[in-house]
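Structure first, commentary second.
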Amino acid sequence: MTSENPPIPIEDLGPDIGFAEAQAAALYGRDYRQALASDDGFQRLDAVERLARARAALSVQEVAVMDMAAGRGHALAEIVRLTGRETAFVEALVLGACAKLAAHYEAGEADDEVGPGPLRLPGPFL
């Protein structure tokens, strides 16, 4: 009795992405989710501010694709299907956005700390 094994499909792992770019996408996704769903008003405000600074470093198309990927968890194949664009175009957008976000975060233009920050007193009182 011979049994034929069906071919094992090979999953396409997608484009190569560096560690810094992957971390930048994760930070963007964290801020996106916190801005939408945080119960703490200060954390939500802080996430909204960090997200606005990060989005300022991106083009409109890059913001849209990052919201779909990092924020909503869509895979590249799903983004290609939803947008009707070619795979290479979407991959280039995602990789470009991740590189810009990594540079943005590494330049210190984003505060990664959660919370309202240091206490700011009104003043000066002379």
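Residues are named by chain letter and number: chains run A, B, ... in the order of the structure tokens, numbers start at 1 in each chain, and ligands are numbered from 1 in the order shown.
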
* Who sits within 10 Å of Ala103 (chain A), only C-alpha atoms, same chain under 5 positions skipped, as a ChimeraX atom specification -> /A:20-21,24,57,97-98,108-109

Serialized selection, N, CA and C atoms, as a short mmCIF file (atom, residue, chain, number, x, y, z; two decimals), in the first residue's frame:
```cif
data_model
loop_
_atom_site.label_atom_id
_atom_site.label_comp_id
_atom_site.auth_asym_id
_atom_site.auth_seq_id
_atom_site.Cartn_x
_atom_site.Cartn_y
_atom_site.Cartn_z
N ALA A 20 14.82 47.09 13.83
CA ALA A 20 14.40 48.45 14.20
C ALA A 20 13.07 48.81 13.52
N GLU A 21 12.93 48.42 12.27
CA GLU A 21 11.70 48.71 11.54
C GLU A 21 10.51 47.94 12.13
N ALA A 24 9.56 49.63 15.32
CA ALA A 24 8.86 50.88 15.03
C ALA A 24 7.41 50.60 14.66
N ALA A 57 5.55 62.08 10.25
CA ALA A 57 6.76 61.63 9.54
C ALA A 57 6.44 60.82 8.29
N ALA A 97 7.48 53.10 5.13
CA ALA A 97 6.87 53.66 6.34
C ALA A 97 7.61 53.17 7.58
N CYS A 98 7.95 51.89 7.62
CA CYS A 98 8.67 51.35 8.78
C CYS A 98 10.05 52.00 8.92
N GLY A 108 14.67 60.46 18.50
CA GLY A 108 14.19 60.98 19.77
C GLY A 108 13.01 61.92 19.61
N GLU A 109 12.36 61.89 18.47
CA GLU A 109 11.22 62.76 18.24
C GLU A 109 9.95 62.19 18.83
#
```

* Contacts of Val65 (chain A) at 8 Å (only C-alpha atoms; same-chain gap of 5+ positions) as a ChimeraX atom specification -> /A:79,90,93-94

* Asked: What's the 8 Å shell around Leu51 (chain A), counting only C-alpha atoms, without same-chain residues fewer than 5 positions away, as number ranges by chain?
  -> A: 28, 31-32, 35

Export C-alpha atoms of the chosen residues as a tab-separated table (two decimals), in the first residue's frame?
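Saved result, result26.tsv, follows:
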```tsv
chain	number	residue	atom	x	y	z
A	28	TYR	CA	3.00	52.56	16.02
A	31	ASP	CA	-0.06	53.80	20.08
A	32	TYR	CA	-2.84	53.26	17.52
A	35	ALA	CA	-5.48	55.91	21.19
```

* Near Glu78 (chain A), counting only C-alpha atoms, which residues have an atom at most 12 Å away, once you skip same-chain residues fewer than 5 positions from it, shown as a list in words? ->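 Here the qualifying residues turn out to be Val65, Met68, Ala69, Arg72, Gly73, Thr83, Gly84, Arg85, Glu86, Thr87, Val90 and Glu91 of chain A.
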
Could you write out that same residue set with all heavy atoms as a PDB file, in the first residue's frame?
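Output file result33.pdb is given in full below:
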```
ATOM      1  N   VAL A  65      -1.614  52.618   5.105  1.00  0.00           N
ATOM      2  CA  VAL A  65      -1.154  51.235   5.112  1.00  0.00           C
ATOM      3  C   VAL A  65      -0.676  50.828   6.505  1.00  0.00           C
ATOM      4  O   VAL A  65      -0.870  49.693   6.938  1.00  0.00           O
ATOM      5  CB  VAL A  65      -0.099  50.998   4.012  1.00  0.00           C
ATOM      6  CG1 VAL A  65       1.284  51.414   4.423  1.00  0.00           C
ATOM      7  CG2 VAL A  65      -0.094  49.565   3.561  1.00  0.00           C
ATOM      8  N   MET A  68      -3.660  50.034   8.614  1.00  0.00           N
ATOM      9  CA  MET A  68      -4.193  48.716   8.273  1.00  0.00           C
ATOM     10  C   MET A  68      -3.302  47.603   8.824  1.00  0.00           C
ATOM     11  O   MET A  68      -3.802  46.603   9.331  1.00  0.00           O
ATOM     12  CB  MET A  68      -4.329  48.572   6.757  1.00  0.00           C
ATOM     13  CG  MET A  68      -5.370  49.486   6.162  1.00  0.00           C
ATOM     14  SD  MET A  68      -5.375  49.421   4.368  1.00  0.00           S
ATOM     15  CE  MET A  68      -6.334  47.934   4.109  1.00  0.00           C
ATOM     16  N   ALA A  69      -2.006  47.761   8.723  1.00  0.00           N
ATOM     17  CA  ALA A  69      -1.073  46.702   9.125  1.00  0.00           C
ATOM     18  C   ALA A  69      -0.830  46.689  10.630  1.00  0.00           C
ATOM     19  O   ALA A  69      -1.126  45.707  11.304  1.00  0.00           O
ATOM     20  CB  ALA A  69       0.248  46.865   8.385  1.00  0.00           C
ATOM     21  N   ARG A  72      -4.609  47.583  12.719  1.00  0.00           N
ATOM     22  CA  ARG A  72      -5.720  46.638  12.626  1.00  0.00           C
ATOM     23  C   ARG A  72      -5.281  45.206  12.413  1.00  0.00           C
ATOM     24  O   ARG A  72      -6.092  44.304  12.355  1.00  0.00           O
ATOM     25  CB  ARG A  72      -6.646  47.070  11.496  1.00  0.00           C
ATOM     26  CG  ARG A  72      -7.247  48.431  11.802  1.00  0.00           C
ATOM     27  CD  ARG A  72      -8.427  48.736  10.955  1.00  0.00           C
ATOM     28  NE  ARG A  72      -8.946  50.037  11.351  1.00  0.00           N
ATOM     29  CZ  ARG A  72      -9.302  50.967  10.522  1.00  0.00           C
ATOM     30  NH1 ARG A  72      -9.217  50.750   9.224  1.00  0.00           N
ATOM     31  NH2 ARG A  72      -9.773  52.109  10.950  1.00  0.00           N
ATOM     32  N   GLY A  73      -3.974  44.990  12.253  1.00  0.00           N
ATOM     33  CA  GLY A  73      -3.455  43.639  12.163  1.00  0.00           C
ATOM     34  C   GLY A  73      -3.630  42.960  10.818  1.00  0.00           C
ATOM     35  O   GLY A  73      -3.527  41.745  10.735  1.00  0.00           O
ATOM     36  N   THR A  83      -6.960  46.960  -1.131  1.00  0.00           N
ATOM     37  CA  THR A  83      -6.642  48.170  -1.886  1.00  0.00           C
ATOM     38  C   THR A  83      -6.668  47.968  -3.389  1.00  0.00           C
ATOM     39  O   THR A  83      -6.793  48.934  -4.138  1.00  0.00           O
ATOM     40  CB  THR A  83      -5.249  48.715  -1.501  1.00  0.00           C
ATOM     41  OG1 THR A  83      -4.262  47.731  -1.797  1.00  0.00           O
ATOM     42  CG2 THR A  83      -5.196  49.106  -0.037  1.00  0.00           C
ATOM     43  N   GLY A  84      -6.502  46.721  -3.833  1.00  0.00           N
ATOM     44  CA  GLY A  84      -6.452  46.463  -5.262  1.00  0.00           C
ATOM     45  C   GLY A  84      -5.138  46.871  -5.903  1.00  0.00           C
ATOM     46  O   GLY A  84      -5.025  46.915  -7.124  1.00  0.00           O
ATOM     47  N   ARG A  85      -4.137  47.176  -5.103  1.00  0.00           N
ATOM     48  CA  ARG A  85      -2.820  47.576  -5.607  1.00  0.00           C
ATOM     49  C   ARG A  85      -1.939  46.339  -5.759  1.00  0.00           C
ATOM     50  O   ARG A  85      -2.229  45.283  -5.205  1.00  0.00           O
ATOM     51  CB  ARG A  85      -2.147  48.571  -4.655  1.00  0.00           C
ATOM     52  CG  ARG A  85      -2.924  49.836  -4.367  1.00  0.00           C
ATOM     53  CD  ARG A  85      -3.247  50.642  -5.610  1.00  0.00           C
ATOM     54  NE  ARG A  85      -2.109  51.181  -6.285  1.00  0.00           N
ATOM     55  CZ  ARG A  85      -1.762  52.456  -6.290  1.00  0.00           C
ATOM     56  NH1 ARG A  85      -2.497  53.343  -5.662  1.00  0.00           N
ATOM     57  NH2 ARG A  85      -0.699  52.854  -6.958  1.00  0.00           N
ATOM     58  N   GLU A  86      -0.844  46.495  -6.475  1.00  0.00           N
ATOM     59  CA  GLU A  86       0.089  45.394  -6.661  1.00  0.00           C
ATOM     60  C   GLU A  86       0.871  45.139  -5.378  1.00  0.00           C
ATOM     61  O   GLU A  86       1.112  46.054  -4.586  1.00  0.00           O
ATOM     62  CB  GLU A  86       1.042  45.706  -7.804  1.00  0.00           C
ATOM     63  CG  GLU A  86       0.357  45.743  -9.153  1.00  0.00           C
ATOM     64  CD  GLU A  86       1.353  45.862 -10.287  1.00  0.00           C
ATOM     65  OE1 GLU A  86       2.547  45.555 -10.077  1.00  0.00           O
ATOM     66  OE2 GLU A  86       0.927  46.249 -11.371  1.00  0.00           O
ATOM     67  N   THR A  87       1.284  43.905  -5.214  1.00  0.00           N
ATOM     68  CA  THR A  87       2.012  43.501  -4.011  1.00  0.00           C
ATOM     69  C   THR A  87       3.286  44.313  -3.817  1.00  0.00           C
ATOM     70  O   THR A  87       3.572  44.768  -2.703  1.00  0.00           O
ATOM     71  CB  THR A  87       2.347  41.999  -4.076  1.00  0.00           C
ATOM     72  OG1 THR A  87       1.133  41.265  -4.255  1.00  0.00           O
ATOM     73  CG2 THR A  87       3.034  41.531  -2.816  1.00  0.00           C
ATOM     74  N   VAL A  90       2.530  47.804  -2.355  1.00  0.00           N
ATOM     75  CA  VAL A  90       2.159  47.783  -0.934  1.00  0.00           C
ATOM     76  C   VAL A  90       3.374  47.455  -0.073  1.00  0.00           C
ATOM     77  O   VAL A  90       3.585  48.080   0.974  1.00  0.00           O
ATOM     78  CB  VAL A  90       0.995  46.797  -0.687  1.00  0.00           C
ATOM     79  CG1 VAL A  90       0.696  46.669   0.795  1.00  0.00           C
ATOM     80  CG2 VAL A  90      -0.252  47.240  -1.443  1.00  0.00           C
ATOM     81  N   GLU A  91       4.185  46.497  -0.506  1.00  0.00           N
ATOM     82  CA  GLU A  91       5.393  46.169   0.245  1.00  0.00           C
ATOM     83  C   GLU A  91       6.323  47.371   0.356  1.00  0.00           C
ATOM     84  O   GLU A  91       6.883  47.640   1.418  1.00  0.00           O
ATOM     85  CB  GLU A  91       6.141  45.009  -0.413  1.00  0.00           C
ATOM     86  CG  GLU A  91       5.519  43.661  -0.169  1.00  0.00           C
ATOM     87  CD  GLU A  91       6.306  42.533  -0.809  1.00  0.00           C
ATOM     88  OE1 GLU A  91       7.370  42.795  -1.414  1.00  0.00           O
ATOM     89  OE2 GLU A  91       5.854  41.393  -0.701  1.00  0.00           O
TER      90      GLU A  91
END
```
